[in-house]
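What follows is the content of run26.csv, which has CSV, C-alpha atoms:
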chain,number,residue,atom,x,y,z
A,29,MET,CA,119.4,119.0,117.6
A,30,ASN,CA,115.8,118.0,117.1
A,31,ARG,CA,115.2,121.1,115.0
A,32,TYR,CA,118.0,120.1,112.6
A,33,SER,CA,117.9,116.3,112.5
A,34,TRP,CA,115.6,113.4,112.4
A,35,HIS,CA,116.1,111.1,115.4
A,36,TYR,CA,115.6,107.5,114.1
A,37,LYS,CA,116.2,105.4,117.1
A,38,TYR,CA,116.9,102.1,115.3
A,39,PRO,CA,120.2,101.1,113.8
A,40,LEU,CA,120.6,101.6,110.0
A,41,ASP,CA,122.5,99.5,107.6
A,42,ILE,CA,124.2,102.1,105.4
A,43,GLU,CA,125.4,99.5,102.9
A,44,LYS,CA,121.8,98.4,102.2
A,45,MET,CA,120.8,102.1,101.8
A,46,ARG,CA,123.6,102.6,99.3
A,47,ILE,CA,122.4,99.6,97.3
A,48,ALA,CA,118.9,100.9,97.2
A,49,ALA,CA,120.0,104.5,96.4
A,50,LYS,CA,121.5,103.2,93.1
A,51,ALA,CA,118.0,102.3,91.9
A,52,PHE,CA,116.9,105.9,92.0
A,53,ILE,CA,119.6,107.1,89.6
A,54,GLY,CA,118.4,107.7,86.1
A,55,GLU,CA,115.1,108.8,84.5
A,56,HIS,CA,112.0,107.3,86.2
A,57,ASP,CA,108.3,108.1,86.7
A,58,PHE,CA,108.4,109.2,90.4
A,59,ILE,CA,104.7,109.3,90.9
A,60,GLY,CA,105.1,106.8,93.8
A,61,PHE,CA,107.5,109.2,95.5
A,62,ALA,CA,105.3,112.3,95.4
A,63,SER,CA,102.6,113.5,97.8
A,64,SER,CA,99.2,114.2,96.4
A,65,GLY,CA,98.2,117.8,95.7
A,66,PHE,CA,100.7,118.6,93.0
A,67,SER,CA,99.9,120.0,89.5
A,68,VAL,CA,102.5,119.1,87.0
A,69,LYS,CA,102.2,117.7,83.5
A,70,THR,CA,104.5,114.8,84.0
A,71,THR,CA,106.0,113.0,87.0
A,72,VAL,CA,109.0,111.7,85.1
A,73,ARG,CA,112.2,113.1,86.7
A,74,GLU,CA,115.9,112.3,86.4
A,75,ILE,CA,118.2,111.9,89.3
A,76,TYR,CA,121.9,112.2,88.3
A,77,SER,CA,123.4,111.3,91.6
A,78,LEU,CA,122.4,110.0,95.0
A,79,ASP,CA,124.7,108.9,97.7
A,80,VAL,CA,124.3,107.8,101.3
A,81,ASP,CA,127.0,108.3,103.8
A,82,LYS,CA,127.4,107.9,107.6
A,83,ASN,CA,128.8,111.1,109.2
A,84,GLY,CA,129.9,110.2,112.7
A,85,ASP,CA,127.9,109.6,115.8
A,86,ILE,CA,125.8,112.1,117.8
A,87,SER,CA,124.7,110.8,121.3
A,88,HIS,CA,124.8,107.2,120.0
A,89,ALA,CA,122.4,108.1,117.1
A,90,ASN,CA,123.6,107.6,113.5
A,91,THR,CA,123.9,110.7,111.4
A,92,VAL,CA,123.2,109.8,107.8
A,93,ALA,CA,123.6,112.1,104.9
A,94,ALA,CA,121.9,111.4,101.6
A,95,GLU,CA,123.1,113.8,99.0
A,96,MET,CA,121.2,114.3,95.8
A,97,LEU,CA,123.1,116.2,93.2
A,98,GLU,CA,121.6,117.6,90.0
A,99,VAL,CA,118.1,116.4,90.4
A,100,GLU,CA,115.9,117.7,87.6
A,101,ASN,CA,112.6,119.3,88.8
A,102,LEU,CA,111.6,117.8,92.1
A,103,LEU,CA,108.1,116.7,92.8
A,104,TYR,CA,106.2,117.7,96.0
A,105,ASN,CA,107.8,115.9,98.9
A,106,MET,CA,109.9,113.7,96.6
A,107,VAL,CA,113.1,114.1,98.6
A,108,ARG,CA,111.4,113.5,101.9
A,109,ILE,CA,109.7,110.3,100.6
A,110,ILE,CA,113.0,109.0,99.1
A,111,ALA,CA,114.8,109.7,102.4
A,112,GLY,CA,112.0,107.9,104.3
A,113,THR,CA,112.2,105.0,101.9
A,114,LEU,CA,116.0,104.8,102.3
A,115,VAL,CA,115.6,104.8,106.1
A,116,PHE,CA,113.1,101.9,105.8
A,117,VAL,CA,115.7,100.1,103.7
A,118,GLY,CA,118.4,100.8,106.3
A,119,GLY,CA,116.1,99.6,109.1
A,120,GLY,CA,115.3,96.4,107.4
A,121,LYS,CA,111.6,97.2,106.5
A,122,ILE,CA,112.2,97.2,102.8
A,123,ASN,CA,114.6,95.0,100.9
A,124,PRO,CA,117.1,97.0,98.9
A,125,ASN,CA,116.8,94.6,95.9
A,126,ASP,CA,113.1,95.5,95.7
A,127,MET,CA,113.7,99.2,95.0
A,128,THR,CA,113.6,99.0,91.2
A,129,ASP,CA,110.2,97.2,91.4
A,130,ILE,CA,108.9,99.7,93.9
A,131,ILE,CA,109.9,102.6,91.7
A,132,ASN,CA,108.4,100.9,88.6
A,133,SER,CA,105.2,100.1,90.5
A,134,LYS,CA,104.4,103.8,90.7
A,135,ASP,CA,102.6,102.9,94.0
A,136,ARG,CA,103.0,105.4,96.8
A,137,GLU,CA,101.9,102.6,99.3
A,138,ARG,CA,105.0,100.6,98.5
A,139,ALA,CA,107.5,103.4,99.3
A,140,GLY,CA,108.6,104.3,102.7
A,141,ILE,CA,107.3,107.1,104.9
A,142,THR,CA,107.6,110.8,104.3
A,143,ALA,CA,110.7,111.8,106.3
A,144,PRO,CA,110.2,114.8,108.6
A,145,PRO,CA,111.7,118.1,107.3
A,146,GLN,CA,114.2,118.3,110.1
A,147,GLY,CA,117.6,117.4,108.8
A,148,LEU,CA,116.9,118.0,105.2
A,149,CYS,CA,118.4,121.1,103.6
A,150,LEU,CA,119.0,122.5,100.1
A,151,LYS,CA,122.7,122.9,99.6
A,152,GLU,CA,123.0,124.3,96.1
A,153,VAL,CA,120.9,125.1,93.0
A,154,TYR,CA,122.2,124.7,89.5
A,155,TYR,CA,120.8,126.6,86.5

Encoding of this model in C-alpha cells:
Amino acid sequence: MNRYSWHYKYPLDIEKMRIAAKAFIGEHDFIGFASSGFSVKTTVREIYSLDVDKNGDISHANTVAAEMLEVENLLYNMVRIIAGTLVFVGGGKINPNDMTDIINSKDRERAGITAPPQGLCLKEVYY
C-alpha cells in the first residue's frame, strides 16, 4: 500500500482537521501553500469545498480522505501542502483555530509539510 497511501504513524484527530479545513473554503491568497518555482500572475485561488473524512482502518493505520471539489486553478503543490497542513492539525502540531491566521500570513513556514504524492489522486476535472 505504500505506493498508494501516506503512512502517518501517529493518531489523527479528524474533528480538528474538519475545523481547520473550513478555513480554506473561499477566496484567499494561497502563496503560503505553494512551492517555489511557479510562474503565475496571481496566487489568489478559490476553494469551493473541502472535506475530511475517515475511511476505515488499514493495518491499524488511519485512512483519511480529504476531498477538494471545484478548486479554481491550483498552485504548484498546493494540494500536497494543504494535505500536509491538515495532517499537522490532526496530529496536534497546528491548532485548527490558527488556520485563518496561517492562510492570511501568506508565510510558507507557518503551514505544514508538503505531503508525499502517494495517496493523492485527481478524481474529476470540471470545465

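Interatomic distance, CA of Asp79 (chain A) against CA of Ala111 (chain A): 11.0 Å.
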
Interatomic distance, CA of Lys82 (chain A) to CA of Thr142 (chain A) (Å, one decimal):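 Straight-line distance from CA of Lys82 (chain A) to CA of Thr142 (chain A) works out to 20.3 Å.
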
To one decimal place, how far is CA of Ser77 (chain A) from CA of Ser133 (chain A) in Å? 21.4 Å

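Distance annotation: of A:Asn125, A:Ser33, A:Thr71, A:Gln146, the residue with the minimal separation from Met45 (chain A) is A:Asn125; atom set is all atoms listed in the file.
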
Compile the contact shell of Asn123 (chain A) as a list in words: residues with an atom at most 12 Å away, counting only C-alpha atoms, same-chain residues fewer than 4 positions apart removed.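 Listed by chain and then number, they are Asp41, Glu43, Lys44, Met45, Arg46, Ile47, Ala48, Ala49, Thr113, Leu114, Val115, Phe116, Val117, Gly118, Gly119, Met127, Thr128, Asp129, Ile130, Arg138, Ala139 and Gly140 of chain A.
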
Kindly indicate which residue among A:Arg73, A:Tyr38, A:Leu78, A:Ile59 lies nearest to Asn101 (chain A), using all atoms listed in the file for the distances. A:Arg73

Leaving out Gly65 (chain A) and any residue of its chain fewer than 5 positions from it, which residues lie within 12 Å of it when counting all atoms listed in the file, given as a list of chain:residue names? A:Ile59, A:Leu103, A:Tyr104, A:Asn105

For the residues in that selection, give me C-alpha atoms as an mmCIF file, in the coordinates of the input.
data_model
loop_
_atom_site.group_PDB
_atom_site.id
_atom_site.type_symbol
_atom_site.label_atom_id
_atom_site.label_comp_id
_atom_site.auth_asym_id
_atom_site.auth_seq_id
_atom_site.Cartn_x
_atom_site.Cartn_y
_atom_site.Cartn_z
ATOM 1 C CA ILE A 59 104.700 109.300 90.900
ATOM 2 C CA LEU A 103 108.100 116.700 92.800
ATOM 3 C CA TYR A 104 106.200 117.700 96.000
ATOM 4 C CA ASN A 105 107.800 115.900 98.900
#

Using only C-alpha atoms, pick whichever of A:Asp126, A:Lys134, A:Phe61, A:Thr70 has the shortest atom-to-atom distance to Gly112 (chain A).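 The shortest atom-to-atom distance to Gly112 (chain A) comes from A:Phe61.
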
Which residue of A:Ser64, A:Val72, A:Leu102, A:Pro144 approaches Tyr32 (chain A) most closely, using all atoms listed in the file: A:Pro144
